[in-house]
Amino acid sequence: MDTTTTDPDAPAPRGKANPFAARSPRRRLIERGVRQMLHLATYFILLCAFFIFGDIFVKGAPVIFGKQYPGFVNTRFFTHSPETLVVFENPEGEEFRLDYQEFEAFKAANPDFVVAKEQRNSYSGGGILGPLVGTALLTLICIVVALFIGLAAAIYLNEYGSHGRFMNAIRLAILNLAGVPSIVFGLFGLGLFCLTFPLIVGEANLRAGAPAFELFHSGVYLSFQGFGISMLAGGLTLAVMILPVIITACEESLKAIPMGFREASLALGATKWQSIRTAVLPYALPGMLTASVLGITRVAGETAPIMFTAAAAHKDKLPWQEAGEGGFLGFFGQSVQAMPYHIYTVAARIPQSEYTKPMQYGSVFVFMVLVMLLASLSVYLRIHFRGKLKW
Amino acid sequence: METAMPEAPPETIPAAPIEPAAAPPDSRGDIVVEIDDVNFSYDRKKDVLRDITMDIRRNEVTAFIGPSGCGKSTLLRCFNRMNDLIPGAAITKGRIRILDTNIYDPAVDVIELRKHIGMVFQKYNPFPKSIYENVAYGLRIQGIRNKSVLDQAVEESLVAAGLWEEVKDRLDASGLGLSGGQQQRLCIARTIAVQPRIILMDEPCSALDPISTTTIEDLITRLKDQYTIVIVTHNMQQAARVSDKTAFFYLGELIEFNDTLQIFSAPHKRATEDYISGRFG
């Protein structure tokens with residue numbers, strides 16, 4: 001016994017059982033197995049992210065970035081809308097690639113050029129200006145509408161509403177709205193905003209077949225004809241879809257404001273709305289904006305809600321170049337190209353060839369970078385305001 | 001003073017901005033707050049205050065003491081109807097009259113009431129605005145935009161709260177940059193700026209260090225000349241130091257209400273004596 005007390009490193013005396021010996025090696029095995037499984041699951045996510053970003057970056061970046069200085073950035077990709085790409089050869093077998101309109105101009109300028117092996121690839125030429133502009137406009141409409149309604153609803157729910165059965169029903173509705181598949185939102189938007197939304201229009205603009213009622217024999221009609229396939233319809237559909245997210249985010253921001261601000265304000269004789277406006281909202285807004293930016297990234301990428309309501313696969317002109325009758329409805333009443341729908345088109349609705357690849361990967365690459373920039377902006381804003389607003 | 005439900009015209013509480021709150025000396029000791037047999041409940045089932053009857057007098061400091069949960073803060077929050085914010089909370093019996101007006105009368109506008117009854121909270125809560133804007137807040141929400149009026153009110157309030165000398169060079173700095181004690185004095189200045197008649201203080205020093213506490217206590221003693229002050233405190237020495245009258249609450253009942261000197265030297269009730277001598281609570 002003294003040996004163990006004087007020399008702790010000495011091996012346990014023979015014949016004496018180690019009281020702490022592992023009873024069953026199985027337990028240790030299970031422990032290790034579980035650990036490895038969890039480990040693998042985590043790495044799987046990393047692997048997916050790596051392949052997605054890696055593949056798109058490797059194949060998409062060369063479309064945007066060239067090697068030498070003057071062509072360092074392929075600006076053409078951002079200044080032209082999608083066009084048909086014409087690939088042709090001259091009789092010597094030399095290959096040329098031109099957008100359709102350039103091709104026509106080229107042929108007109110060189111009448112004696114013999115075109116051999118002409119091949120047309122729709123949507124694969126030009127750039128992505130149209131879809132970018134369209135997505136920006138759709139997102140703008142969406143976020144303006146969704147922020148206004150979402151903020152109002154969140155203020156009501158958090159500041160005015162009490163905890164009744166009715167309130168619970170509302171919260172349940174919001175939760176359910178968040179779970180509706182986006183294609184259903186698309187169909188809903190088609191039905192409501194494109195086809196039946198009530199408008200007040202003059203006789204000339206009535207849509208045949210829509211129920212319409214003349215107002216006081218003025219020649220002005222209340223017509224349930226909707227906005228048609230338009231930015232407005234698409235933006236509103238996206239707004240309805242993002243509302244649950246915005247409401248929840250706004251409510252969280254409001255909840256984060258200490259009760260003390262409201263109490264102090266009320267105790268000084270402020271009305272409820274005054275205290276919300278001056279002592280709550282200014283400090284909640286940064287959080288709301290941060291959340292909204294994240295919301296933007298989500299709606300910008302949605303395809304299903306806009307494919308019935310707003311998106312066109314091809315438009316010759318940008319919205320402001322269109323010879324519409326002008327005005328608010330004239331501008332926002334047009335259909336537009338949009339990034340997600342454009343990507344869907346070039347990926348799934350045109351014959352694939354090596355000539356379509358640059359447009360496919362270039363579009364996805366640009367779109368992904370944009371969304372990632374927005375997401376980073378949101379993170380930056382959060383950190384920025386966290387430092388500034390402390391109490 | 002059993003009166004029928006007073007059909008007091010709302011003008012009994014004058015419209016703001018009111019004349020300086022300083023009362024003529026002979027009016028010292030008038031009854032300002034008259035609590036008449038009040039029960040209060042948060043859920044209309046269990047009364048957390050029972051049969052409270054007491055008078056609070058002009059230009060005196062009245063302290064509410066008692067163990068946690070005894071209802072002293074609840075009673076304080078009845079005076080400016082902050083309890084209205086809690087759904088279901090209401091006075092279930094009796095009435096509270098302030099300046100001879102039943103404050104739960106439908107004719108009383110709670111916004112006007114709160115302009116006359118300021119409140120300082122346990123956790124100092126200046127807005128994340130500049131010192132100037134914090135003090136001017138109450139006046140701004142009343143629609144006062146005149147710069148010279150605001151400037152004057154801000155200076156006077158900060159002087160009255162004993163903060164002017166410390167902050168006069170940095171009125172544009174954030175109120176949150178001040179020390180805890182300064183922030184609490186800023187909150188007091190903010191309350192004074194709207195010229196209330198009564199200032200309610202809900203454990204104003206419980207989050208402060210001893211030196212800041214002394215500063216605030218001195219301030220309370222000075223403010224007494226102009227305002228009627230009701231202070232809730234857990235600190236019995238504080239009650240003894242600053243108050244003229246002390247009310248001891250226990251389990252929702254007013255056990256004893258008397259001159260502070262009397263309460264701390266020779267209380268009439270056994271429970272009071274036990275509490276102030278630290279035997280429970």
# chains A, B, ... in the order shown; residues from 1 in each chain; ligands from 1
>>> interface_residues(of="chain B", to="chain A", cutoff="7 Å", atoms="only C-alpha atoms", output="VMD selection string")
chain B and resid 111 to 112 114 to 115 118 to 119 125 127 138 141 191
>>> write_last_selection(atoms="N, CA and C atoms", output="PDB file, in the first residue's frame")
ATOM      1  N   ILE B 111     -54.145  61.460 -20.000  1.00  0.00           N
ATOM      2  CA  ILE B 111     -52.972  62.170 -20.523  1.00  0.00           C
ATOM      3  C   ILE B 111     -52.759  63.466 -19.735  1.00  0.00           C
ATOM      4  N   GLU B 112     -53.851  64.217 -19.509  1.00  0.00           N
ATOM      5  CA  GLU B 112     -53.748  65.452 -18.729  1.00  0.00           C
ATOM      6  C   GLU B 112     -53.334  65.144 -17.293  1.00  0.00           C
ATOM      7  N   ARG B 114     -51.501  62.732 -16.217  1.00  0.00           N
ATOM      8  CA  ARG B 114     -50.080  62.380 -16.097  1.00  0.00           C
ATOM      9  C   ARG B 114     -49.175  63.594 -16.284  1.00  0.00           C
ATOM     10  N   LYS B 115     -49.682  64.625 -16.967  1.00  0.00           N
ATOM     11  CA  LYS B 115     -48.877  65.843 -17.064  1.00  0.00           C
ATOM     12  C   LYS B 115     -48.723  66.483 -15.699  1.00  0.00           C
ATOM     13  N   GLY B 118     -45.938  63.588 -12.144  1.00  0.00           N
ATOM     14  CA  GLY B 118     -44.749  63.020 -12.758  1.00  0.00           C
ATOM     15  C   GLY B 118     -44.326  61.746 -12.065  1.00  0.00           C
ATOM     16  N   MET B 119     -43.477  60.980 -12.749  1.00  0.00           N
ATOM     17  CA  MET B 119     -43.036  59.725 -12.146  1.00  0.00           C
ATOM     18  C   MET B 119     -41.564  59.473 -12.446  1.00  0.00           C
ATOM     19  N   ASN B 125     -34.233  55.507 -16.669  1.00  0.00           N
ATOM     20  CA  ASN B 125     -34.527  55.146 -18.057  1.00  0.00           C
ATOM     21  C   ASN B 125     -34.528  56.357 -18.982  1.00  0.00           C
ATOM     22  N   PHE B 127     -34.065  58.373 -22.356  1.00  0.00           N
ATOM     23  CA  PHE B 127     -34.137  57.921 -23.741  1.00  0.00           C
ATOM     24  C   PHE B 127     -32.740  57.980 -24.348  1.00  0.00           C
ATOM     25  N   GLY B 138     -40.890  65.998 -22.673  1.00  0.00           N
ATOM     26  CA  GLY B 138     -42.266  66.196 -22.220  1.00  0.00           C
ATOM     27  C   GLY B 138     -42.898  67.441 -22.820  1.00  0.00           C
ATOM     28  N   ILE B 141     -43.655  66.839 -26.702  1.00  0.00           N
ATOM     29  CA  ILE B 141     -44.865  66.087 -27.023  1.00  0.00           C
ATOM     30  C   ILE B 141     -46.117  66.893 -26.702  1.00  0.00           C
ATOM     31  N   THR B 191     -38.802  64.916 -15.562  1.00  0.00           N
ATOM     32  CA  THR B 191     -40.119  64.938 -14.934  1.00  0.00           C
ATOM     33  C   THR B 191     -40.498  66.356 -14.517  1.00  0.00           C
TER      34      THR B 191
END
>>> residues_around(residues="Asp51 of chain B", least_positions_apart="2", cutoff="12 Å", atoms="only C-alpha atoms", output="mmCIF file with C-alpha atoms, in the first residue's frame")
data_model
loop_
_atom_site.group_PDB
_atom_site.id
_atom_site.type_symbol
_atom_site.label_atom_id
_atom_site.label_comp_id
_atom_site.auth_asym_id
_atom_site.auth_seq_id
_atom_site.Cartn_x
_atom_site.Cartn_y
_atom_site.Cartn_z
ATOM 1 C CA ILE B 35 -57.242 57.763 -0.844
ATOM 2 C CA ASP B 36 -60.591 56.571 0.341
ATOM 3 C CA ASP B 37 -61.110 52.917 1.216
ATOM 4 C CA VAL B 38 -59.416 51.603 -1.934
ATOM 5 C CA ASN B 39 -59.188 48.010 -3.046
ATOM 6 C CA PHE B 40 -57.141 47.154 -6.110
ATOM 7 C CA SER B 41 -56.908 44.000 -8.151
ATOM 8 C CA ASP B 47 -57.326 42.126 -4.229
ATOM 9 C CA VAL B 48 -53.674 43.071 -3.849
ATOM 10 C CA LEU B 49 -54.595 46.243 -1.965
ATOM 11 C CA THR B 53 -57.379 55.033 3.377
ATOM 12 C CA MET B 54 -54.857 57.826 3.704
ATOM 13 C CA GLY B 71 -48.630 46.652 -2.779
ATOM 14 C CA LEU B 75 -50.686 52.059 -4.978
ATOM 15 C CA ILE B 91 -59.589 49.676 -8.557
ATOM 16 C CA THR B 92 -62.378 47.492 -7.272
ATOM 17 C CA LYS B 93 -63.538 49.591 -4.338
ATOM 18 C CA GLY B 94 -63.281 53.142 -3.098
ATOM 19 C CA ARG B 95 -61.810 56.106 -4.910
ATOM 20 C CA ILE B 96 -58.666 58.168 -5.221
ATOM 21 C CA PHE B 249 -47.725 48.398 4.069
ATOM 22 C CA LEU B 251 -49.651 42.083 2.553
ATOM 23 C CA GLY B 252 -51.772 44.634 0.747
ATOM 24 C CA GLU B 253 -52.902 46.500 3.825
ATOM 25 C CA LEU B 254 -51.887 49.831 5.229
ATOM 26 C CA ILE B 255 -50.676 48.841 8.678
#
>>> residues_around(residues="Leu254 of chain A", least_positions_apart="5", cutoff="8 Å", atoms="only C-alpha atoms", output="PyMOL selection string")
chain A and resi 155+158+280-281+284
>>> residues_around(residues="Ala63 of chain B", least_positions_apart="6", cutoff="10 Å", atoms="only C-alpha atoms", output="ChimeraX atom specification")
/B:72,201,229-234,236,238-240,242-248,257,260
>>> select_by_dssp(residues="segment 36-106 of chain B", states="strand (DSSP E or B)", output="JSON, numbers by chain")
{"B": [36, 37, 38, 39, 40, 41, 47, 48, 49, 50, 51, 52, 53, 54, 55, 56, 57, 61, 62, 63, 64, 65, 90, 91, 92, 93, 94, 95, 96, 97, 98, 101, 102]}
>>> write_last_selection(atoms="N, CA and C atoms", output="mmCIF file, in the first residue's frame")
data_model
loop_
_atom_site.group_PDB
_atom_site.id
_atom_site.type_symbol
_atom_site.label_atom_id
_atom_site.label_comp_id
_atom_site.auth_asym_id
_atom_site.auth_seq_id
_atom_site.Cartn_x
_atom_site.Cartn_y
_atom_site.Cartn_z
ATOM 1 N N ASP B 36 -59.424 56.831 -0.475
ATOM 2 C CA ASP B 36 -60.591 56.571 0.341
ATOM 3 C C ASP B 36 -61.035 55.116 0.189
ATOM 4 N N ASP B 37 -60.609 54.288 1.123
ATOM 5 C CA ASP B 37 -61.110 52.917 1.216
ATOM 6 C C ASP B 37 -60.911 52.138 -0.086
ATOM 7 N N VAL B 38 -59.678 52.141 -0.599
ATOM 8 C CA VAL B 38 -59.416 51.603 -1.934
ATOM 9 C C VAL B 38 -59.023 50.126 -1.881
ATOM 10 N N ASN B 39 -59.656 49.359 -2.742
ATOM 11 C CA ASN B 39 -59.188 48.010 -3.046
ATOM 12 C C ASN B 39 -58.688 48.017 -4.479
ATOM 13 N N PHE B 40 -57.667 47.216 -4.746
ATOM 14 C CA PHE B 40 -57.141 47.154 -6.110
ATOM 15 C C PHE B 40 -56.844 45.712 -6.467
ATOM 16 N N SER B 41 -57.147 45.366 -7.710
ATOM 17 C CA SER B 41 -56.908 44.000 -8.151
ATOM 18 C C SER B 41 -56.319 43.995 -9.554
ATOM 19 N N ASP B 47 -57.700 40.740 -4.452
ATOM 20 C CA ASP B 47 -57.326 42.126 -4.229
ATOM 21 C C ASP B 47 -55.904 42.184 -3.691
ATOM 22 N N VAL B 48 -55.041 42.940 -4.352
ATOM 23 C CA VAL B 48 -53.674 43.071 -3.849
ATOM 24 C C VAL B 48 -53.540 44.279 -2.922
ATOM 25 N N LEU B 49 -54.524 45.148 -2.936
ATOM 26 C CA LEU B 49 -54.595 46.243 -1.965
ATOM 27 C C LEU B 49 -55.972 46.169 -1.323
ATOM 28 N N ARG B 50 -56.011 46.355 0.010
ATOM 29 C CA ARG B 50 -57.309 46.247 0.677
ATOM 30 C C ARG B 50 -57.507 47.405 1.654
ATOM 31 N N ASP B 51 -58.642 48.041 1.503
ATOM 32 C CA ASP B 51 -59.114 49.046 2.457
ATOM 33 C C ASP B 51 -58.062 50.112 2.755
ATOM 34 N N ILE B 52 -57.462 50.638 1.735
ATOM 35 C CA ILE B 52 -56.441 51.662 1.945
ATOM 36 C C ILE B 52 -57.116 53.027 2.089
ATOM 37 N N THR B 53 -56.865 53.679 3.176
ATOM 38 C CA THR B 53 -57.379 55.033 3.377
ATOM 39 C C THR B 53 -56.251 55.886 3.924
ATOM 40 N N MET B 54 -55.902 56.925 3.214
ATOM 41 C CA MET B 54 -54.857 57.826 3.704
ATOM 42 C C MET B 54 -54.902 59.132 2.916
ATOM 43 N N ASP B 55 -54.300 60.167 3.488
ATOM 44 C CA ASP B 55 -54.215 61.455 2.799
ATOM 45 C C ASP B 55 -52.747 61.810 2.603
ATOM 46 N N ILE B 56 -52.446 62.366 1.449
ATOM 47 C CA ILE B 56 -51.089 62.837 1.191
ATOM 48 C C ILE B 56 -51.157 64.342 1.051
ATOM 49 N N ARG B 57 -50.268 65.016 1.778
ATOM 50 C CA ARG B 57 -50.403 66.478 1.890
ATOM 51 C C ARG B 57 -49.376 67.226 1.064
ATOM 52 N N VAL B 61 -43.007 65.070 1.904
ATOM 53 C CA VAL B 61 -42.518 63.834 1.319
ATOM 54 C C VAL B 61 -43.154 62.684 2.077
ATOM 55 N N THR B 62 -43.900 61.876 1.356
ATOM 56 C CA THR B 62 -44.537 60.724 1.973
ATOM 57 C C THR B 62 -43.827 59.472 1.486
ATOM 58 N N ALA B 63 -43.371 58.648 2.418
ATOM 59 C CA ALA B 63 -42.661 57.427 2.038
ATOM 60 C C ALA B 63 -43.571 56.223 2.226
ATOM 61 N N PHE B 64 -43.517 55.324 1.261
ATOM 62 C CA PHE B 64 -44.211 54.036 1.374
ATOM 63 C C PHE B 64 -43.139 52.983 1.639
ATOM 64 N N ILE B 65 -43.254 52.297 2.774
ATOM 65 C CA ILE B 65 -42.306 51.218 3.023
ATOM 66 C C ILE B 65 -43.067 49.916 3.230
ATOM 67 N N ALA B 90 -57.540 47.023 -12.063
ATOM 68 C CA ALA B 90 -58.485 48.110 -11.789
ATOM 69 C C ALA B 90 -58.707 48.256 -10.298
ATOM 70 N N ILE B 91 -59.148 49.442 -9.925
ATOM 71 C CA ILE B 91 -59.589 49.676 -8.557
ATOM 72 C C ILE B 91 -60.956 49.031 -8.403
ATOM 73 N N THR B 92 -61.109 48.205 -7.406
ATOM 74 C CA THR B 92 -62.378 47.492 -7.272
ATOM 75 C C THR B 92 -63.269 48.098 -6.196
ATOM 76 N N LYS B 93 -62.715 48.975 -5.384
ATOM 77 C CA LYS B 93 -63.538 49.591 -4.338
ATOM 78 C C LYS B 93 -62.926 50.936 -3.972
ATOM 79 N N GLY B 94 -63.772 51.859 -3.568
ATOM 80 C CA GLY B 94 -63.281 53.142 -3.098
ATOM 81 C C GLY B 94 -62.852 54.057 -4.223
ATOM 82 N N ARG B 95 -62.259 55.190 -3.855
ATOM 83 C CA ARG B 95 -61.810 56.106 -4.910
ATOM 84 C C ARG B 95 -60.565 56.862 -4.470
ATOM 85 N N ILE B 96 -59.845 57.339 -5.461
ATOM 86 C CA ILE B 96 -58.666 58.168 -5.221
ATOM 87 C C ILE B 96 -58.957 59.549 -5.781
ATOM 88 N N ARG B 97 -58.865 60.554 -4.903
ATOM 89 C CA ARG B 97 -59.098 61.924 -5.365
ATOM 90 C C ARG B 97 -57.792 62.691 -5.305
ATOM 91 N N ILE B 98 -57.444 63.308 -6.417
ATOM 92 C CA ILE B 98 -56.245 64.136 -6.457
ATOM 93 C C ILE B 98 -56.687 65.538 -6.825
ATOM 94 N N THR B 101 -60.358 65.811 -7.302
ATOM 95 C CA THR B 101 -61.010 65.198 -8.454
ATOM 96 C C THR B 101 -60.781 63.689 -8.403
ATOM 97 N N ASN B 102 -61.875 62.948 -8.574
ATOM 98 C CA ASN B 102 -61.745 61.503 -8.660
ATOM 99 C C ASN B 102 -61.027 61.171 -9.963
#
>>> residues_around(residues="Val63 of chain A", least_positions_apart="4", cutoff="10 Å", atoms="only C-alpha atoms", output="number ranges by chain")
A: 57-59, 73-74, 77, 357-363, 365-366
>>> select_by_dssp(residues="segment 84-294 of chain A", states="alpha helix (DSSP H)", output="VMD selection string")
chain A and resid 100 to 109 129 to 155 165 to 179 182 to 189 231 to 255 259 to 267 272 to 279 281 to 294
>>> atom_distance(atom1="atom CA of Arg382 of chain A", atom2="atom CA of Leu370 of chain A")
18.5 Å
>>> residues_around(residues="Phe96 of chain A", least_positions_apart="3", cutoff="8 Å", atoms="only C-alpha atoms", output="PyMOL selection string")
chain A and resi 87-89
>>> residues_around(residues="Asp112 of chain A", least_positions_apart="6", cutoff="12 Å", atoms="only C-alpha atoms", output="ChimeraX atom specification")
/A:90-91,106
>>> write_last_selection(atoms="N, CA and C atoms", output="short mmCIF file (atom, residue, chain, number, x, y, z; two decimals), in the first residue's frame")
data_model
loop_
_atom_site.label_atom_id
_atom_site.label_comp_id
_atom_site.auth_asym_id
_atom_site.auth_seq_id
_atom_site.Cartn_x
_atom_site.Cartn_y
_atom_site.Cartn_z
N ASN A 90 -17.84 30.91 -91.22
CA ASN A 90 -17.62 31.24 -92.62
C ASN A 90 -17.17 29.97 -93.33
N PRO A 91 -17.13 30.01 -94.62
CA PRO A 91 -16.81 28.76 -95.34
C PRO A 91 -15.48 28.16 -94.92
N PHE A 106 -24.55 42.82 -89.37
CA PHE A 106 -23.35 42.29 -90.01
C PHE A 106 -23.66 41.80 -91.43
#
>>> closest_residue(among="B:Leu76, B:Val32, B:Ala107, B:Val135", to="Tyr227 of chain B", atoms="only C-alpha atoms")
B:Val32
>>> closest_residue(among="A:Leu373, A:Ala178, A:Val336, A:Leu85", to="Gly134 of chain A", atoms="only C-alpha atoms")
A:Val336
>>> atom_distance(atom1="atom CA of Ile220 of chain B", atom2="atom CA of Ile86 of chain B")
29.0 Å
